[in-house]
file coords.txt (compact mmCIF, C-alpha atoms)
# COMPACT_ATOMS: atom_id res chain seq x y z
CA MET A 1 109.46 95.49 109.72
CA ASP A 2 112.57 97.69 110.25
CA ASP A 3 113.91 96.37 106.94
CA VAL A 4 110.76 97.49 105.15
CA PHE A 5 110.92 101.05 106.50
CA LYS A 6 114.65 101.32 105.75
CA ALA A 7 114.08 100.04 102.25
CA LEU A 8 111.26 102.54 101.69
CA ALA A 9 113.29 105.48 103.04
CA ASP A 10 115.07 106.15 99.75
CA PRO A 11 113.65 107.87 96.66
CA THR A 12 115.48 105.61 94.18
CA ARG A 13 114.17 102.48 95.81
CA ARG A 14 110.65 103.93 95.85
CA GLU A 15 111.06 104.76 92.16
CA LEU A 16 112.06 101.14 91.50
CA LEU A 17 108.95 99.93 93.35
CA ASP A 18 106.79 102.36 91.34
CA ARG A 19 108.23 100.95 88.13
CA LEU A 20 107.58 97.39 89.24
CA HIS A 21 104.06 98.34 90.26
CA ASP A 22 103.48 99.69 86.73
CA GLN A 23 105.05 96.67 85.10
CA GLY A 24 106.03 93.53 86.97
CA GLY A 25 108.69 91.13 85.76
CA GLN A 26 111.32 93.64 84.62
CA THR A 27 114.98 92.67 84.35
CA LEU A 28 117.87 94.64 85.85
CA ASN A 29 118.60 96.15 82.41
CA GLN A 30 115.02 97.35 82.01
CA LEU A 31 115.03 98.84 85.51
CA CYS A 32 118.33 100.67 84.89
CA SER A 33 117.07 102.53 81.84
CA GLY A 34 116.26 106.16 82.55
CA LEU A 35 117.60 106.07 86.09
CA ASP A 36 120.45 108.35 87.06
CA VAL A 37 122.16 105.58 89.02
CA THR A 38 124.86 103.13 87.97
CA ARG A 39 123.93 99.56 87.17
CA GLN A 40 125.81 98.49 90.27
CA GLY A 41 123.85 101.00 92.33
CA VAL A 42 120.50 99.77 91.00
CA SER A 43 121.57 96.21 91.69
CA LYS A 44 122.41 97.14 95.29
CA HIS A 45 119.06 98.89 95.76
CA LEU A 46 117.23 95.86 94.39
CA LEU A 47 119.09 93.59 96.77
CA GLN A 48 118.00 95.73 99.70
CA LEU A 49 114.39 95.65 98.47
CA GLU A 50 114.68 91.89 98.12
CA GLN A 51 116.03 91.50 101.65
CA ALA A 52 113.04 93.49 102.92
CA HIS A 53 110.80 91.14 100.88
CA LEU A 54 109.38 94.08 98.96
CA VAL A 55 110.78 92.59 95.76
CA VAL A 56 110.72 88.93 94.79
CA THR A 57 112.74 87.58 91.88
CA LEU A 58 111.95 84.70 89.57
CA TRP A 59 114.21 83.12 87.00
CA ARG A 60 112.63 82.76 83.57
CA GLY A 61 115.19 80.95 81.44
CA ARG A 62 118.36 83.01 81.82
CA GLU A 63 116.50 86.15 82.82
CA LYS A 64 116.09 87.26 86.41
CA ARG A 65 112.77 89.05 86.66
CA HIS A 66 111.73 91.34 89.47
CA TYR A 67 108.25 91.60 90.98
CA LEU A 68 106.81 93.89 93.62
CA ASN A 69 105.60 91.92 96.64
CA PRO A 70 102.79 93.95 98.24
CA VAL A 71 102.39 91.71 101.30
CA PRO A 72 104.74 93.63 103.68
CA ILE A 73 103.07 96.94 102.77
CA TYR A 74 99.65 95.38 103.30
CA GLU A 75 100.78 94.19 106.74
CA ILE A 76 101.92 97.72 107.65
CA ALA A 77 98.58 99.15 106.50
CA THR A 78 96.50 96.64 108.45
CA ARG A 79 98.57 97.25 111.57
CA TRP A 80 97.53 100.88 111.88
CA ILE A 81 94.41 101.24 109.79
CA ASN A 82 91.36 99.43 111.03
CA LYS A 83 88.61 98.17 108.79
CA PHE A 84 86.15 100.91 109.75
CA GLU A 85 88.63 103.66 108.91
CA ARG A 86 89.52 102.24 105.53
CA GLY A 87 86.32 103.23 103.77
CA ARG A 88 86.57 106.79 105.12
CA LEU A 89 90.24 107.05 104.10
CA ASP A 90 89.37 105.80 100.60
CA GLY A 91 86.72 108.51 100.47
CA LEU A 92 89.16 111.22 101.55
CA GLN A 93 91.76 110.05 99.04
CA SER A 94 89.15 110.08 96.33
CA LEU A 95 88.12 113.63 97.28
CA LYS A 96 91.76 114.75 97.27
CA ASN A 97 92.30 113.25 93.82
CA ASP A 98 89.16 114.80 92.41
CA LEU A 99 90.10 118.22 93.76
CA GLU A 100 93.69 118.01 92.60
CA ASP A 101 92.66 116.30 89.38
CA CYS A 102 95.82 114.19 89.39
CA SER A 103 96.52 112.72 85.99
CA ASP A 104 99.22 110.44 87.35
CA ASP A 105 97.11 108.58 89.90
CA SER A 106 98.19 105.10 90.73
CA ASP A 107 95.92 102.35 89.42
CA SER A 108 94.80 101.39 92.90
CA THR A 109 93.59 104.92 93.57
CA LYS A 110 91.65 104.91 90.33
CA SER A 111 89.92 101.70 91.27
CA THR A 112 89.03 103.23 94.62
CA ASN A 113 87.44 106.17 92.85
CA SER A 114 85.40 103.99 90.57
CA SER A 115 84.25 101.75 93.39
CA LEU A 116 82.88 104.74 95.23
CA THR A 117 80.94 106.19 92.37
CA MET B 1 88.52 88.80 62.23
CA THR B 2 85.58 88.90 64.60
CA LEU B 3 85.36 91.28 67.52
CA THR B 4 85.86 88.44 69.99
CA GLN B 5 89.10 87.45 68.35
CA GLN B 6 90.36 91.00 68.44
CA ASN B 7 89.67 91.20 72.16
CA GLN B 8 91.23 87.89 72.96
CA PRO B 9 94.30 88.44 75.13
CA THR B 10 97.54 87.15 73.70
CA GLN B 11 100.02 85.21 75.78
CA ALA B 12 102.33 88.22 75.90
CA SER B 13 99.69 90.53 77.38
CA LEU B 14 98.93 88.20 80.28
CA LYS B 15 100.34 89.30 83.61
CA THR B 16 102.05 87.64 86.55
CA CYS B 17 101.63 88.50 90.22
CA VAL B 18 104.12 87.32 92.83
CA TYR B 19 103.66 87.25 96.61
CA ALA B 20 105.97 86.09 99.38
CA LEU B 21 105.61 85.93 103.12
CA HIS B 22 107.12 84.21 106.13
CA ILE B 23 104.87 82.19 108.38
CA ARG B 24 105.70 80.74 111.79
CA THR B 25 104.76 77.15 111.08
CA SER B 26 106.19 73.96 109.58
CA PRO B 27 106.24 73.07 105.87
CA GLN B 28 103.88 70.17 106.51
CA LYS B 29 101.31 72.31 108.36
CA LEU B 30 101.41 74.89 105.59
CA TRP B 31 101.05 72.19 102.96
CA ASP B 32 98.04 70.82 104.84
CA ALA B 33 96.56 74.34 104.96
CA LEU B 34 96.87 74.63 101.17
CA THR B 35 95.36 71.22 100.47
CA ASP B 36 92.67 70.80 103.12
CA ASN B 37 89.38 71.69 101.46
CA GLU B 38 87.75 72.75 104.76
CA PHE B 39 90.73 74.80 105.94
CA ILE B 40 91.03 76.63 102.61
CA GLN B 41 87.49 77.85 103.00
CA LYS B 42 88.38 79.43 106.35
CA TYR B 43 91.06 81.79 105.07
CA TRP B 44 89.08 82.48 101.92
CA GLN B 45 86.31 83.61 104.27
CA GLY B 46 83.83 81.45 102.44
CA GLU B 47 84.31 83.41 99.20
CA TRP B 48 85.35 80.27 97.35
CA ARG B 49 85.22 76.57 98.02
CA PHE B 50 87.91 74.31 96.53
CA GLU B 51 87.43 70.59 96.12
CA SER B 52 90.18 68.21 95.04
CA ASP B 53 92.26 65.30 96.27
CA TRP B 54 95.31 67.45 95.32
CA GLN B 55 97.10 64.70 93.41
CA ALA B 56 98.92 65.64 90.20
CA GLY B 57 96.54 65.21 87.27
CA SER B 58 93.40 65.45 89.43
CA ASP B 59 90.57 67.86 88.79
CA LEU B 60 90.01 70.83 91.05
CA HIS B 61 86.44 72.10 91.40
CA TYR B 62 85.83 75.74 92.26
CA TYR B 63 82.53 76.72 93.82
CA ASP B 64 81.52 80.33 94.38
CA LYS B 65 80.03 81.59 97.65
CA GLU B 66 76.54 80.64 96.53
CA GLY B 67 77.81 77.07 96.16
CA LYS B 68 77.55 77.14 92.36
CA LEU B 69 80.25 75.36 90.34
CA TYR B 70 82.36 78.15 88.82
CA SER B 71 84.99 76.22 86.88
CA ILE B 72 87.14 73.11 86.91
CA GLY B 73 90.93 73.37 87.06
CA GLN B 74 93.62 70.78 87.20
CA VAL B 75 96.41 69.97 89.63
CA LEU B 76 99.59 70.12 87.53
CA GLU B 77 102.17 69.37 90.20
CA SER B 78 101.88 68.09 93.73
CA SER B 79 105.12 67.55 95.66
CA PRO B 80 104.30 67.64 99.37
CA PRO B 81 105.28 69.59 101.34
CA HIS B 82 107.15 71.87 98.91
CA LYS B 83 105.41 72.61 95.65
CA LEU B 84 101.83 72.75 94.46
CA VAL B 85 100.77 73.99 91.02
CA TYR B 86 97.23 74.14 89.67
CA THR B 87 95.13 75.97 87.12
CA TRP B 88 92.16 78.18 87.85
CA PRO B 89 90.41 78.65 84.53
CA GLU B 90 87.75 81.22 83.89
CA PRO B 91 84.42 79.67 82.93
CA GLU B 92 84.57 78.85 79.20
CA ALA B 93 81.40 80.67 78.34
CA SER B 94 82.64 84.05 79.55
CA ARG B 95 86.03 84.25 77.91
CA VAL B 96 88.51 82.46 75.75
CA GLN B 97 92.08 82.66 76.90
CA PRO B 98 95.13 80.96 75.40
CA GLU B 99 96.33 79.69 78.77
CA PRO B 100 94.32 79.22 81.96
CA GLU B 101 95.36 81.15 85.07
CA ARG B 102 97.99 79.18 86.96
CA LEU B 103 98.87 79.28 90.65
CA SER B 104 102.24 77.97 91.87
CA TRP B 105 102.81 77.66 95.60
CA GLU B 106 106.31 77.07 96.93
CA ILE B 107 107.15 76.28 100.52
CA THR B 108 110.70 76.52 101.85
CA GLN B 109 112.02 76.36 105.39
CA SER B 110 113.39 79.86 106.10
CA GLY B 111 114.28 79.52 109.79
CA PRO B 112 114.08 76.99 112.61
CA HIS B 113 110.38 77.71 113.07
CA THR B 114 109.63 79.73 109.97
CA VAL B 115 108.55 78.87 106.48
CA LYS B 116 108.64 81.06 103.39
CA LEU B 117 105.60 80.83 101.17
CA THR B 118 105.86 82.13 97.61
CA LEU B 119 102.81 82.35 95.39
CA VAL B 120 103.10 83.02 91.66
CA HIS B 121 99.80 83.75 89.90
CA GLU B 122 100.34 83.63 86.12
CA ASN B 123 98.34 84.23 82.95
CA LEU B 124 96.20 86.99 84.40
CA SER B 125 94.31 89.10 81.90
CA ASP B 126 93.99 92.86 82.49
CA GLU B 127 90.34 92.29 83.32
CA TYR B 128 91.19 90.33 86.46
CA TYR B 129 94.67 91.69 87.27
CA GLN B 130 93.56 94.56 89.51
CA GLY B 131 91.14 92.57 91.61
CA VAL B 132 93.47 89.62 91.97
CA SER B 133 96.53 91.70 92.82
CA GLU B 134 94.61 93.56 95.53
CA GLY B 135 92.88 90.47 96.83
CA TRP B 136 95.80 88.13 97.49
CA PRO B 137 97.54 90.12 100.27
CA SER B 138 94.44 89.90 102.45
CA ILE B 139 93.94 86.19 101.79
CA LEU B 140 97.60 85.42 102.48
CA SER B 141 97.52 87.50 105.68
CA SER B 142 94.41 85.60 106.70
CA LEU B 143 96.20 82.29 106.07
CA LYS B 144 99.21 83.47 108.12
CA SER B 145 97.03 84.62 111.00
CA LEU B 146 95.07 81.36 111.00
CA LEU B 147 98.25 79.27 111.12
CA GLU B 148 100.04 81.41 113.71
CA ASN B 149 97.19 82.45 116.02
CA GLY B 150 94.23 80.38 114.94
CA GLU B 151 92.39 83.57 114.05
CA VAL B 152 90.71 84.36 110.76
CA LEU B 153 91.21 87.95 109.64
CA GLU B 154 88.19 89.85 108.53
CA PHE B 155 88.37 91.23 105.03
CA TYR B 156 87.89 94.90 104.49
CA PRO B 157 84.68 95.72 102.65
CA HIS B 158 86.95 97.19 99.94
CA ASP B 159 88.73 93.83 99.48
CA ARG B 160 85.46 92.02 99.10
CA GLN B 161 84.60 94.11 96.08
CA ALA B 162 87.96 93.31 94.50
call {"tool": "encode", "arguments": {"input": "coords.txt", "output": "structure tokens"}}
result
Amino acid sequence: MDDVFKALADPTRRELLDRLHDQGGQTLNQLCSGLDVTRQGVSKHLLQLEQAHLVVTLWRGREKRHYLNPVPIYEIATRWINKFERGRLDGLQSLKNDLEDCSDDSDSTKSTNSSLT
Amino acid sequence: MTLTQQNQPTQASLKTCVYALHIRTSPQKLWDALTDNEFIQKYWQGEWRFESDWQAGSDLHYYDKEGKLYSIGQVLESSPPHKLVYTWPEPEASRVQPEPERLSWEITQSGPHTVKLTLVHENLSDEYYQGVSEGWPSILSSLKSLLENGEVLEFYPHDRQA
């Protein structure tokens, strides 16, 4: 679990996870575009994410594709959030989003909103 | 072109989800957990029932929680205790898709008493992507807990909707 927290404690690595959440299966080249980090740097960040099992890679022909693995994050969430709290937290998050009227909500938050209405 | 054809997902628009986790067990025990019809039902919390002899080329029957036959898939690859691949088609009446959903399970020894399980769920249409991608972590955690502690994890009400 230490690996997961260390991997998450960096804005570039979180950005990479956000991008993989939006679109799974991206190559190193795709992930480099628009990032203010060298290719070598991105590669190093991805390796750290992979070692923490937050990213899993698959070879498709000669392409190495990267996917976000949500299992470690799920395990963190279930460790400290019990099942009775989850519904209330979803409700609070939904309220926060409605009040702030975020246009860049994550997909999962949107689905939470719709499931409550 | 009819409306149905326009809405039909193309191969390129289909998505892939990938999950990986380490479980304190042996490859054989994990393989048994993936291919024992009774055991599968435990970590699926009775949401689905699978029925197959898990041999390559065999049919795989999916029953929903009411016990109704949902669809029939096929076991594409069965190499105990390392790799299992099968399809999980949507019922034909509801949707036409170029390729049925495909699940590939890979089991590798990752430590003296630990096994890495990787699941690749391919050919997901947008319609099912959200629910499936949110649903698997809880099912896989339930499988892990059952193998390591003999306990079934309860699903969150939220997961059940997914």
call {"tool": "interface_residues", "arguments": {"input": "coords.txt", "of": "chain B", "to": "chain A", "cutoff": "7 Å", "atoms": "only C-alpha atoms", "output": "PyMOL selection string"}}
result
chain B and resi 18-21+137+156
call {"tool": "atom_distance", "arguments": {"input": "coords.txt", "atom1": "atom CA of Asp32 of chain B", "atom2": "atom CA of Gly73 of chain B"}}
result
19.3 Å
call {"tool": "atom_distance", "arguments": {"input": "coords.txt", "atom1": "atom CA of Leu76 of chain B", "atom2": "atom CA of Tyr43 of chain B"}}
result
22.7 Å
call {"tool": "closest_residue", "arguments": {"input": "coords.txt", "among": "B:Gln41, B:Ser104, B:Ser26, B:Thr16", "to": "Ile139 of chain B", "atoms": "all atoms listed in the file"}}
result
B:Gln41
call {"tool": "atom_distance", "arguments": {"input": "coords.txt", "atom1": "atom CA of Glu148 of chain B", "atom2": "atom CA of Trp44 of chain B"}}
result
16.1 Å
call {"tool": "residues_around", "arguments": {"input": "coords.txt", "residues": "Cys17 of chain B", "least_positions_apart": "2", "cutoff": "7 Å", "atoms": "all atoms listed in the file", "output": "mmCIF file with C-alpha atoms, in the coordinates of the input"}}
result
data_model
loop_
_atom_site.group_PDB
_atom_site.id
_atom_site.type_symbol
_atom_site.label_atom_id
_atom_site.label_comp_id
_atom_site.auth_asym_id
_atom_site.auth_seq_id
_atom_site.Cartn_x
_atom_site.Cartn_y
_atom_site.Cartn_z
ATOM 1 C CA LYS B 15 100.340 89.300 83.610
ATOM 2 C CA TYR B 19 103.660 87.250 96.610
ATOM 3 C CA VAL B 120 103.100 83.020 91.660
ATOM 4 C CA HIS B 121 99.800 83.750 89.900
ATOM 5 C CA GLU B 122 100.340 83.630 86.120
ATOM 6 C CA SER B 133 96.530 91.700 92.820
#
call {"tool": "residues_around", "arguments": {"input": "coords.txt", "residues": "Ser78 of chain B", "least_positions_apart": "6", "cutoff": "6 Å", "atoms": "all atoms listed in the file", "output": "list in words"}}
result
Gln55, Ala56 and Leu84 of chain B
call {"tool": "residues_around", "arguments": {"input": "coords.txt", "residues": "Thr108 of chain B", "least_positions_apart": "4", "cutoff": "10 Å", "atoms": "all atoms listed in the file", "output": "number ranges by chain"}}
result
B: 22, 26-27, 81-83, 114-118
call {"tool": "write_last_selection", "arguments": {"input": "coords.txt", "atoms": "C-alpha atoms", "output": "PDB file, keeping the file's coordinate frame"}}
result
ATOM      1  CA  HIS B  22     107.120  84.210 106.130  1.00  0.00           C
ATOM      2  CA  SER B  26     106.190  73.960 109.580  1.00  0.00           C
ATOM      3  CA  PRO B  27     106.240  73.070 105.870  1.00  0.00           C
ATOM      4  CA  PRO B  81     105.280  69.590 101.340  1.00  0.00           C
ATOM      5  CA  HIS B  82     107.150  71.870  98.910  1.00  0.00           C
ATOM      6  CA  LYS B  83     105.410  72.610  95.650  1.00  0.00           C
ATOM      7  CA  THR B 114     109.630  79.730 109.970  1.00  0.00           C
ATOM      8  CA  VAL B 115     108.550  78.870 106.480  1.00  0.00           C
ATOM      9  CA  LYS B 116     108.640  81.060 103.390  1.00  0.00           C
ATOM     10  CA  LEU B 117     105.600  80.830 101.170  1.00  0.00           C
ATOM     11  CA  THR B 118     105.860  82.130  97.610  1.00  0.00           C
TER      12      THR B 118
END
call {"tool": "closest_residue", "arguments": {"input": "coords.txt", "among": "B:Glu38, B:Asp126, B:Asp64, B:Asp53", "to": "Pro91 of chain B", "atoms": "only C-alpha atoms"}}
result
B:Asp64
call {"tool": "residues_around", "arguments": {"input": "coords.txt", "residues": "segment 34-46 of chain A", "least_positions_apart": "4", "cutoff": "12 Å", "atoms": "only C-alpha atoms", "output": "PDB file with C-alpha atoms, in the frame of the given file"}}
result
ATOM      1  CA  LYS A   6     114.650 101.320 105.750  1.00  0.00           C
ATOM      2  CA  ALA A   7     114.080 100.040 102.250  1.00  0.00           C
ATOM      3  CA  LEU A   8     111.260 102.540 101.690  1.00  0.00           C
ATOM      4  CA  ALA A   9     113.290 105.480 103.040  1.00  0.00           C
ATOM      5  CA  ASP A  10     115.070 106.150  99.750  1.00  0.00           C
ATOM      6  CA  PRO A  11     113.650 107.870  96.660  1.00  0.00           C
ATOM      7  CA  THR A  12     115.480 105.610  94.180  1.00  0.00           C
ATOM      8  CA  ARG A  13     114.170 102.480  95.810  1.00  0.00           C
ATOM      9  CA  ARG A  14     110.650 103.930  95.850  1.00  0.00           C
ATOM     10  CA  GLU A  15     111.060 104.760  92.160  1.00  0.00           C
ATOM     11  CA  LEU A  16     112.060 101.140  91.500  1.00  0.00           C
ATOM     12  CA  LEU A  17     108.950  99.930  93.350  1.00  0.00           C
ATOM     13  CA  ARG A  19     108.230 100.950  88.130  1.00  0.00           C
ATOM     14  CA  LEU A  20     107.580  97.390  89.240  1.00  0.00           C
ATOM     15  CA  GLN A  26     111.320  93.640  84.620  1.00  0.00           C
ATOM     16  CA  THR A  27     114.980  92.670  84.350  1.00  0.00           C
ATOM     17  CA  LEU A  28     117.870  94.640  85.850  1.00  0.00           C
ATOM     18  CA  ASN A  29     118.600  96.150  82.410  1.00  0.00           C
ATOM     19  CA  GLN A  30     115.020  97.350  82.010  1.00  0.00           C
ATOM     20  CA  GLU A  50     114.680  91.890  98.120  1.00  0.00           C
ATOM     21  CA  GLN A  51     116.030  91.500 101.650  1.00  0.00           C
ATOM     22  CA  ALA A  52     113.040  93.490 102.920  1.00  0.00           C
ATOM     23  CA  HIS A  53     110.800  91.140 100.880  1.00  0.00           C
ATOM     24  CA  LEU A  54     109.380  94.080  98.960  1.00  0.00           C
ATOM     25  CA  VAL A  55     110.780  92.590  95.760  1.00  0.00           C
ATOM     26  CA  VAL A  56     110.720  88.930  94.790  1.00  0.00           C
ATOM     27  CA  THR A  57     112.740  87.580  91.880  1.00  0.00           C
ATOM     28  CA  LYS A  64     116.090  87.260  86.410  1.00  0.00           C
ATOM     29  CA  ARG A  65     112.770  89.050  86.660  1.00  0.00           C
ATOM     30  CA  HIS A  66     111.730  91.340  89.470  1.00  0.00           C
ATOM     31  CA  TYR A  67     108.250  91.600  90.980  1.00  0.00           C
ATOM     32  CA  LEU A  68     106.810  93.890  93.620  1.00  0.00           C
TER      33      LEU A  68
END
call {"tool": "residues_around", "arguments": {"input": "coords.txt", "residues": "Asp59 of chain B", "least_positions_apart": "2", "cutoff": "12 Å", "atoms": "all atoms listed in the file", "output": "list in words"}}
result
Phe50, Glu51, Ser52, Asp53, Trp54, Gln55, Ala56, Gly57, His61, Tyr62, Ser71, Ile72, Gly73, Gln74, Val75, Leu76, Glu77, Tyr86, Thr87, Trp88 and Pro89 of chain B
call {"tool": "residues_near_point", "arguments": {"input": "coords.txt", "point": "(99.4, 86.8, 81.4)", "cutoff": "7 Å", "atoms": "only C-alpha atoms", "output": "PDB file with C-alpha atoms, in the coordinates of the input"}}
result
ATOM      1  CA  GLN B  11     100.020  85.210  75.780  1.00  0.00           C
ATOM      2  CA  ALA B  12     102.330  88.220  75.900  1.00  0.00           C
ATOM      3  CA  SER B  13      99.690  90.530  77.380  1.00  0.00           C
ATOM      4  CA  LEU B  14      98.930  88.200  80.280  1.00  0.00           C
ATOM      5  CA  LYS B  15     100.340  89.300  83.610  1.00  0.00           C
ATOM      6  CA  THR B  16     102.050  87.640  86.550  1.00  0.00           C
ATOM      7  CA  GLU B 122     100.340  83.630  86.120  1.00  0.00           C
ATOM      8  CA  ASN B 123      98.340  84.230  82.950  1.00  0.00           C
ATOM      9  CA  LEU B 124      96.200  86.990  84.400  1.00  0.00           C
ATOM     10  CA  SER B 125      94.310  89.100  81.900  1.00  0.00           C
TER      11      SER B 125
END
call {"tool": "closest_residue", "arguments": {"input": "coords.txt", "among": "B:Gly67, B:Arg102, B:Gly131, B:Phe39", "to": "Leu119 of chain B", "atoms": "all atoms listed in the file"}}
result
B:Arg102
